[in-house]
Amino acid sequence: MKLKELSLFFFFLPQLLFAQEGEFVPTGKPFATIYANFHRGITGSAVDEGAFELVRGYIGYEYNFSPDFYAKINVDVGSPDDLSPVSKIRRYAYFKNAYLRYTQNQLKIEFGLISTTQYKLQEKIWERRYLMKTIADEHRLGASADLGVNFYYKFNELLDADLTIMNGEGYSSLQMDDVFKYSVGSTFKIPRNFTSRIVYDIMPKKISESTLLFFTSYDFRSKWNLAGEVVYRQNNGWKADYNILALSFYGKYNLNEKYQLFARYDKVESNILEGETLPWHLSNDGTAIVAGIQFRPLKKITMALNYHDWYPWAANMEGGGFIFFDLEVKM
């Protein structure tokens, strides 16, 4: 045996012995995800738009200290939505996740900058976060991550429940006002082939802002899937009777292991306040459609050719349709 091979043998020998004895060996690994696209406007107000775009990048590390303790840190690198188009060339980094998780039997507790559970299931079934967020995330009806604590309990294979206490401002904002958001939810797989989730959150001030979400999905032999979601926000921005209703329906059909067809329809509307003639949120009300074909040549590389269109309800606004080529790479 050569000296180099002998050194490697003695380096890995303790880990091999621990594994054989059944003792846990702490392990960690880095990860990264990239979202990019090329898009070209083809109808309405979008005909003069077209560009290659690096939408977002995630860089992080996860570590298992023991069978009970796990930690994750994840940095979100992207362009903020509230800046001018000129500022899109800049990149801003936020901590998307930075938390410790404790697991004991059916119980999980996460503390820190955690991923919220409001639409985690929807993103998993939608499968295409790289080309479009789920409707609650897309229209800022809830944050995908926040500072707080989450308690999760799995009763059995058909039912679980979770309770989250968080700042309520999302992962890109700081809050020191002693006001918290409380969220309770449950996922259940009844009846057969259905997976459903209901979530209610409330953030009390002088007026309470609350959100009720219901989602259900039907899966047929892993060949095709149909899903629907309803989100109702009451007293948006802590303003009495400023309400938003959002609906989303989507489906997918697996042609084979690599190709998949998909389509989605969204609708967002707001109410008309007393004494007014138009909805208070009219400039953001409308419907959207997305449809296309997805190709996954390898497990961690996904791409999709698809069509996006937005139909605003305001008479003085013009919608626009785009052809997109989207790419997701996981490392």
# chains A, B, ... in the order shown; residues from 1 in each chain; ligands from 1

$ residues_around --residues "stretch 135-145 of chain A" --least-positions-apart "3" --cutoff "9 Å" --atoms "only C-alpha atoms" --output "number ranges by chain"
A: 96-97, 113-120, 132, 168-172, 211, 213, 229, 231-233, 236, 244, 246-248, 266-268, 284

$ closest_residue --among "A:Leu298, A:Phe262, A:Arg56, A:Asn271" --to "A:Tyr130" --atoms "only C-alpha atoms"
A:Arg56

$ closest_residue --among "A:Ala240, A:Met317, A:Ala227, A:Ala98" --to "A:Glu123" --atoms "only C-alpha atoms"
A:Ala227

$ closest_residue --among "A:Leu226, A:Leu212, A:Ile323, A:Leu261" --to "A:Arg40" --atoms "only C-alpha atoms"
A:Ile323

$ closest_residue --among "A:Ala46, A:Ile73, A:Val149, A:Ile125" --to "A:Trp224" --atoms "only C-alpha atoms"
A:Ile125

$ select_by_dssp --residues "stretch 127-234 of chain A" --states "helix (DSSP H, G or I)" --output "PDB file with N, CA and C atoms, in the first residue's frame"
ATOM      1  N   ILE A 135     -49.118  32.521  -5.544  1.00  0.00           N
ATOM      2  CA  ILE A 135     -49.877  33.772  -5.614  1.00  0.00           C
ATOM      3  C   ILE A 135     -49.737  34.634  -4.359  1.00  0.00           C
ATOM      4  N   ALA A 136     -49.679  34.033  -3.175  1.00  0.00           N
ATOM      5  CA  ALA A 136     -49.531  34.828  -1.956  1.00  0.00           C
ATOM      6  C   ALA A 136     -48.190  35.544  -1.920  1.00  0.00           C
ATOM      7  N   ASP A 137     -47.143  34.862  -2.373  1.00  0.00           N
ATOM      8  CA  ASP A 137     -45.810  35.452  -2.440  1.00  0.00           C
ATOM      9  C   ASP A 137     -45.737  36.496  -3.549  1.00  0.00           C
ATOM     10  N   GLU A 138     -46.339  36.202  -4.685  1.00  0.00           N
ATOM     11  CA  GLU A 138     -46.302  37.097  -5.841  1.00  0.00           C
ATOM     12  C   GLU A 138     -46.949  38.444  -5.525  1.00  0.00           C
TER      13      GLU A 138
END

$ select_by_dssp --residues "stretch 128-323 of chain A" --states "strand (DSSP E or B)" --output "ChimeraX atom specification"
/A:145-156,159-166,181-188,194-203,209-220,224-234,244-254,259-270,286-298,301-312,320-323

$ closest_residue --among "A:Pro204, A:Gly44, A:Gly57, A:Pro26" --to "A:Phe69" --atoms "only C-alpha atoms"
A:Pro26

$ atom_distance --atom1 "atom CA of A:Thr277" --atom2 "atom CA of A:Ile202"
28.9 Å

$ closest_residue --among "A:Asn64, A:Glu269, A:Leu107, A:Gly112" --to "A:Lys154" --atoms "only C-alpha atoms"
A:Leu107
